[in-house]
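**Q** Contents of input.txt (compact mmCIF, C-alpha atoms) are given next:
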```
# COMPACT_ATOMS: atom_id res chain seq x y z
CA MET A 1 37.23 93.00 -286.10
CA GLN A 2 36.45 89.88 -288.08
CA MET A 3 37.72 86.60 -286.65
CA CYS A 4 37.24 83.15 -288.06
CA LEU A 5 38.61 79.66 -287.64
CA THR A 6 38.94 77.69 -290.83
CA GLU A 7 39.30 73.94 -291.27
CA GLY A 8 42.66 73.09 -292.85
CA PRO A 9 44.99 75.66 -294.43
CA VAL A 10 43.89 79.23 -295.08
CA ARG A 11 43.03 79.29 -298.77
CA ILE A 12 44.68 81.79 -301.08
CA SER A 13 41.17 82.70 -302.27
CA ASP A 14 40.27 83.76 -298.69
CA ILE A 15 43.36 85.98 -298.58
CA SER A 16 42.47 87.41 -301.99
CA SER A 17 38.94 88.17 -300.79
CA MET A 18 40.36 89.90 -297.73
CA ILE A 19 42.61 92.06 -299.92
CA ALA A 20 39.79 92.75 -302.37
CA LYS A 21 37.71 94.25 -299.57
CA ILE A 22 40.27 96.95 -298.77
CA GLY A 23 38.78 99.02 -301.57
CA GLU A 24 35.71 99.45 -299.35
CA ILE A 25 37.75 101.04 -296.54
CA PHE A 26 37.98 104.57 -297.91
CA ASP A 27 39.43 106.13 -294.77
CA ALA A 28 42.43 103.76 -294.62
CA GLY A 29 45.81 104.78 -296.00
CA GLY A 30 47.74 101.61 -295.22
CA HIS A 31 47.19 97.89 -294.74
CA SER A 32 49.53 95.48 -293.01
CA LEU A 33 49.24 91.78 -293.76
CA PHE A 34 50.84 88.96 -291.77
CA LEU A 35 50.87 85.40 -293.09
CA GLY A 36 51.91 82.60 -290.74
CA GLN A 37 53.16 79.48 -292.49
CA VAL A 38 53.86 75.96 -291.27
CA ARG A 39 57.63 75.54 -291.30
CA ALA A 40 59.31 72.25 -292.17
CA ASP A 41 61.48 72.22 -289.04
CA MET A 42 64.09 69.51 -288.68
CA ILE A 43 64.03 68.01 -285.18
CA ASP A 44 66.15 65.00 -284.16
CA ASN A 45 66.74 64.15 -287.84
CA LYS A 46 63.00 64.14 -288.54
CA THR A 47 61.21 66.70 -290.68
CA VAL A 48 57.89 68.33 -289.76
CA ILE A 49 55.53 67.62 -292.64
CA ALA A 50 52.37 69.09 -291.08
CA ILE A 51 50.84 70.58 -287.95
CA GLU A 52 47.49 69.55 -286.55
CA TYR A 53 45.79 72.45 -284.76
CA THR A 54 43.08 72.17 -282.15
CA ALA A 55 41.31 75.14 -280.58
CA TYR A 56 38.94 76.00 -277.77
CA GLU A 57 36.70 77.79 -280.23
CA GLN A 58 34.41 79.57 -277.81
CA MET A 59 37.36 81.00 -275.89
CA VAL A 60 39.20 81.94 -279.10
CA LYS A 61 36.22 84.13 -280.00
CA ALA A 62 36.16 85.66 -276.51
CA GLU A 63 39.91 86.39 -276.70
CA ALA A 64 39.53 87.88 -280.19
CA GLU A 65 37.08 90.40 -278.73
CA LYS A 66 39.56 91.33 -275.99
CA ILE A 67 42.36 91.71 -278.56
CA LYS A 68 40.08 93.93 -280.63
CA ALA A 69 39.42 96.14 -277.59
CA THR A 70 43.16 96.41 -276.90
CA ILE A 71 44.00 97.29 -280.50
CA ILE A 72 41.28 99.94 -280.73
CA SER A 73 42.44 101.45 -277.46
CA GLU A 74 46.17 101.43 -278.28
CA TYR A 75 45.94 102.29 -281.99
CA PRO A 76 43.06 104.72 -282.56
CA ASP A 77 44.03 105.10 -286.23
CA VAL A 78 43.09 101.46 -286.94
CA ARG A 79 40.03 101.14 -289.18
CA SER A 80 39.62 97.37 -289.40
CA ALA A 81 41.24 94.11 -288.38
CA GLU A 82 40.77 90.59 -289.66
CA ILE A 83 42.13 87.31 -288.34
CA ILE A 84 41.86 83.84 -289.85
CA HIS A 85 43.36 80.90 -287.94
CA SER A 86 43.44 77.26 -289.00
CA VAL A 87 42.18 74.24 -287.12
CA GLY A 88 42.87 70.69 -288.28
CA VAL A 89 45.82 69.60 -290.41
CA VAL A 90 47.96 72.15 -292.24
CA LYS A 91 50.90 70.87 -294.30
CA ALA A 92 54.37 72.43 -294.30
CA GLY A 93 54.38 75.37 -296.69
CA GLU A 94 50.69 76.10 -296.19
CA ILE A 95 49.24 79.13 -294.40
CA SER A 96 47.78 78.69 -290.91
CA LEU A 97 47.32 82.29 -289.75
CA VAL A 98 46.37 85.51 -291.51
CA ILE A 99 46.12 88.90 -289.86
CA MET A 100 45.33 92.06 -291.78
CA ILE A 101 45.14 95.47 -290.14
CA SER A 102 43.96 98.56 -291.96
CA ALA A 103 44.69 101.99 -290.55
CA GLY A 104 44.63 105.61 -291.57
CA HIS A 105 48.42 105.67 -291.74
CA ARG A 106 51.15 103.07 -292.29
CA HIS A 107 52.91 103.23 -288.93
CA GLN A 108 49.81 102.35 -286.94
CA ALA A 109 48.87 99.63 -289.46
CA MET A 110 52.27 97.94 -289.12
CA GLU A 111 52.58 98.37 -285.35
CA ALA A 112 49.02 97.20 -284.68
CA CYS A 113 49.56 94.18 -286.94
CA SER A 114 52.71 93.19 -285.09
CA ARG A 115 50.98 93.66 -281.73
CA THR A 116 48.01 91.57 -282.89
CA VAL A 117 50.28 88.72 -284.02
CA GLU A 118 51.95 88.64 -280.61
CA MET A 119 48.62 88.73 -278.75
CA VAL A 120 47.18 85.95 -280.90
CA LYS A 121 50.19 83.74 -280.19
CA GLU A 122 50.09 84.53 -276.48
CA ARG A 123 46.34 84.48 -275.85
CA PHE A 124 44.56 82.26 -278.35
CA PRO A 125 43.77 78.86 -276.77
CA VAL A 126 45.18 76.87 -279.67
CA TRP A 127 47.41 73.79 -279.56
CA LYS A 128 49.54 72.22 -282.23
CA LYS A 129 50.82 68.76 -282.79
CA GLU A 130 53.84 68.51 -285.08
CA ILE A 131 53.61 65.54 -287.42
CA PHE A 132 56.92 64.18 -288.71
CA ASP A 133 57.91 62.41 -291.91
CA ASP A 134 58.10 59.05 -290.07
CA SER A 135 54.46 59.47 -288.87
CA SER A 136 55.53 60.17 -285.29
CA PHE A 137 54.37 63.39 -283.62
CA GLN A 138 54.98 65.74 -280.71
CA TRP A 139 52.99 68.51 -279.03
CA LYS A 140 54.65 71.84 -279.69
CA GLN A 141 54.81 74.48 -276.99
CA ASP A 142 55.54 78.11 -277.80
CA MET A 143 55.44 79.34 -274.22
CA MET B 1 26.05 71.06 -258.94
CA GLU B 2 27.02 69.71 -262.34
CA ILE B 3 30.17 70.99 -264.06
CA LYS B 4 31.27 70.41 -267.63
CA VAL B 5 35.03 69.85 -267.90
CA LEU B 6 36.96 70.16 -271.17
CA PHE B 7 40.45 68.85 -271.87
CA PHE B 8 42.60 70.21 -274.68
CA GLY B 9 45.86 69.49 -276.47
CA VAL B 10 48.07 66.95 -274.79
CA LEU B 11 45.61 66.67 -271.89
CA ALA B 12 42.87 65.38 -274.20
CA GLU B 13 45.31 62.69 -275.25
CA VAL B 14 46.46 61.86 -271.71
CA THR B 15 42.90 61.63 -270.36
CA ASN B 16 41.64 60.00 -273.56
CA THR B 17 38.68 62.34 -273.56
CA SER B 18 37.88 65.93 -274.45
CA LEU B 19 34.75 66.26 -272.31
CA LYS B 20 33.54 64.91 -268.99
CA HIS B 21 30.58 65.91 -266.87
CA TYR B 22 31.01 65.91 -263.09
CA ARG B 23 27.92 65.74 -260.91
CA ASP B 24 27.44 66.57 -257.22
CA ILE B 25 30.42 68.93 -257.15
CA THR B 26 30.57 70.98 -253.95
CA SER B 27 33.45 73.37 -254.73
CA PHE B 28 36.32 74.10 -257.11
CA SER B 29 38.68 72.19 -254.87
CA ASP B 30 36.31 69.22 -254.87
CA LEU B 31 36.25 69.30 -258.67
CA MET B 32 40.05 69.40 -258.93
CA HIS B 33 40.32 66.41 -256.62
CA ARG B 34 37.77 64.50 -258.65
CA ILE B 35 39.64 65.24 -261.88
CA GLN B 36 42.96 64.17 -260.39
CA ASP B 37 41.39 61.01 -258.99
CA ASP B 38 40.08 60.11 -262.44
CA PHE B 39 43.23 61.13 -264.31
CA PRO B 40 46.17 61.01 -261.87
CA GLU B 41 48.69 61.38 -264.71
CA ILE B 42 47.66 64.99 -265.41
CA ILE B 43 49.62 66.21 -262.39
CA HIS B 44 52.75 65.66 -264.48
CA TYR B 45 51.62 68.29 -266.99
CA ASN B 46 51.68 72.06 -266.89
CA TYR B 47 48.23 73.56 -267.45
CA ARG B 48 45.98 76.45 -266.54
CA ILE B 49 42.29 76.43 -265.75
CA SER B 50 39.53 78.54 -267.25
CA VAL B 51 35.98 78.93 -266.01
CA ASN B 52 33.47 80.05 -268.64
CA ASN B 53 36.28 81.20 -270.98
CA GLU B 54 38.18 83.18 -268.33
CA ILE B 55 41.55 81.95 -267.08
CA ILE B 56 41.54 81.91 -263.30
CA ASN B 57 44.42 82.71 -260.94
CA GLU B 58 42.79 81.65 -257.71
CA ASP B 59 40.11 79.19 -256.70
CA PRO B 60 36.77 80.52 -257.95
CA MET B 61 33.22 79.99 -256.76
CA LEU B 62 31.58 77.57 -259.15
CA ASN B 63 27.95 77.60 -260.20
CA ASP B 64 25.81 74.87 -261.65
CA SER B 65 26.44 74.32 -265.40
CA ASP B 66 29.77 76.18 -265.38
CA GLU B 67 32.27 75.16 -268.04
CA VAL B 68 35.76 74.44 -266.74
CA ALA B 69 38.64 73.81 -269.15
CA CYS B 70 42.12 72.39 -268.58
CA LEU B 71 44.47 74.33 -270.87
CA PRO B 72 48.06 73.28 -271.63
CA PRO B 73 50.41 76.11 -272.73
CA PHE B 74 49.07 77.77 -275.86
CA ALA B 75 50.79 77.36 -279.23
CA GLY B 76 48.75 79.27 -281.78
CA GLY B 77 49.90 80.69 -285.09
```
When written as structure tokens, how does the structure in this file appear?

**A**
Amino acid sequence: MQMCLTEGPVRISDISSMIAKIGEIFDAGGHSLFLGQVRADMIDNKTVIAIEYTAYEQMVKAEAEKIKATIISEYPDVRSAEIIHSVGVVKAGEISLVIMISAGHRHQAMEACSRTVEMVKERFPVWKKEIFDDSSFQWKQDM
Amino acid sequence: MEIKVLFFGVLAEVTNTSLKHYRDITSFSDLMHRIQDDFPEIIHYNYRISVNNEIINEDPMLNDSDEVACLPPFAGG
């Protein structure tokens, strides 16, 4: 499994490179791609214009290894997995999370991708501060 | 022993720091008391503790140079 944190939004060129590499995975028959995007939520009449992410990088890497072990154990058909997560400021409409799972067959690719998304959201030590259009902010909690 | 303590998310803002070294720590409980003495406001926040990247559920034995982190609820993705 490849895992990396990137400063700012995930670039489309990084996603393209990820997709370009699938041609090297000859034993895969399906690839499932999840793109997480910063949403312009409206809260108390204010609009979210960006999210600032911070991460405990060392622990993110340790958790990525545990997620990899879980995925390999639960979905033996998976051939490769890649995760890119943003740190720093990502504007509304930009991509902050990419997960791509390649597997021998489509069902395991899609199920493993969904499972990985949920584990990333539950287990990655990442925090986000929502920045509003009036320059105020709030810490967002997903759990 | 000396322990490195990291603060993340809202706790970094509340404590106005992301890193503090504590010296002459005798136990985990001693460390927690020292942190709360320095930053009494953190008791109002929900957070978990990790030691060397592992979230703990009960008071651990600490060793010199361990890295302890105060982790508010995660919000990745």

**Q** Rounded to one decimal in Å, what is the spacing between atom CA of Lys91 of chain A and atom CA of Lys140 of chain A?

**A**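 It comes out at 15.1 Å.
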
**Q** Identify all chain B residues at most 7 Å from chain A by counting only C-alpha atoms; ligands do not count. Present them as a PDB file with C-alpha atoms, in the frame of the given file.

**A**
```pdb
ATOM      1  CA  GLY B   9      45.860  69.490-276.470  1.00  0.00           C
ATOM      2  CA  VAL B  10      48.070  66.950-274.790  1.00  0.00           C
ATOM      3  CA  ASN B  53      36.280  81.200-270.980  1.00  0.00           C
ATOM      4  CA  PRO B  73      50.410  76.110-272.730  1.00  0.00           C
ATOM      5  CA  PHE B  74      49.070  77.770-275.860  1.00  0.00           C
ATOM      6  CA  ALA B  75      50.790  77.360-279.230  1.00  0.00           C
ATOM      7  CA  GLY B  76      48.750  79.270-281.780  1.00  0.00           C
ATOM      8  CA  GLY B  77      49.900  80.690-285.090  1.00  0.00           C
TER       9      GLY B  77
END
```

**Q** Given all atoms listed in the file as the basis, pick out the residue of B:Asp64, B:Tyr22, B:Phe7, B:Ser27 nearest to Arg48 of chain B.

**A**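 Between B:Asp64, B:Tyr22, B:Phe7, B:Ser27, the residue approaching Arg48 of chain B most closely is B:Phe7.
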
**Q** Please tell me which residues are no farther than 7 Å from (45.7, 95.5, -296.3) in the file, counting only C-alpha atoms, and write them as number ranges by chain.

**A** A: 19, 22, 30-33, 100-102

**Q** Counting only C-alpha atoms, which residue out of B:Thr15, B:Ser50, B:Asp66, B:Asp24 sits closest to Asp38 of chain B?

**A** B:Thr15

**Q** Which polymer residues have any atom within 12 Å of an atom of segment 28-36 of chain B, counting only C-alpha atoms, with same-chain residues fewer than 2 positions away left out, as JSON, numbers by chain?

**A** {"B": [1, 2, 3, 4, 5, 6, 7, 11, 15, 19, 20, 21, 22, 23, 24, 25, 26, 38, 39, 40, 41, 42, 43, 44, 45, 48, 49, 50, 51, 56, 58, 59, 60, 61, 62, 63, 64, 66, 67, 68, 69, 70]}

**Q** For the atom pair atom CA of Arg79 of chain A and atom CA of Thr116 of chain A, what is the interatomic distance in Å to one decimal place?

**A**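 So the answer is 14.0 Å.
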
**Q** Go ahead and fit an axis-aligned box to every listed atom of segment 68-72 of chain A plus 6 Å each side, and pass me the centre and edge lengths in Å, one decimal, as AutoDock Vina command-line options.

**A**
```
--center_x 41.7 --center_y 96.9 --center_z -278.8 --size_x 16.6 --size_y 18.0 --size_z 15.8
```

**Q** Quick one: distance from atom CA of Ala103 of chain A to atom CA of Pro76 of chain A in Å, one decimal?

**A**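 Between atom CA of Ala103 of chain A and atom CA of Pro76 of chain A the gap is 8.6 Å.
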
**Q** Identify, on the basis of all atoms listed in the file, every residue whose closest approach to Met42 of chain A does not exceed 10 Å; exclude the query and any residue fewer than 6 positions from it along the same chain; express the result as a count of residues only.

**A** 4
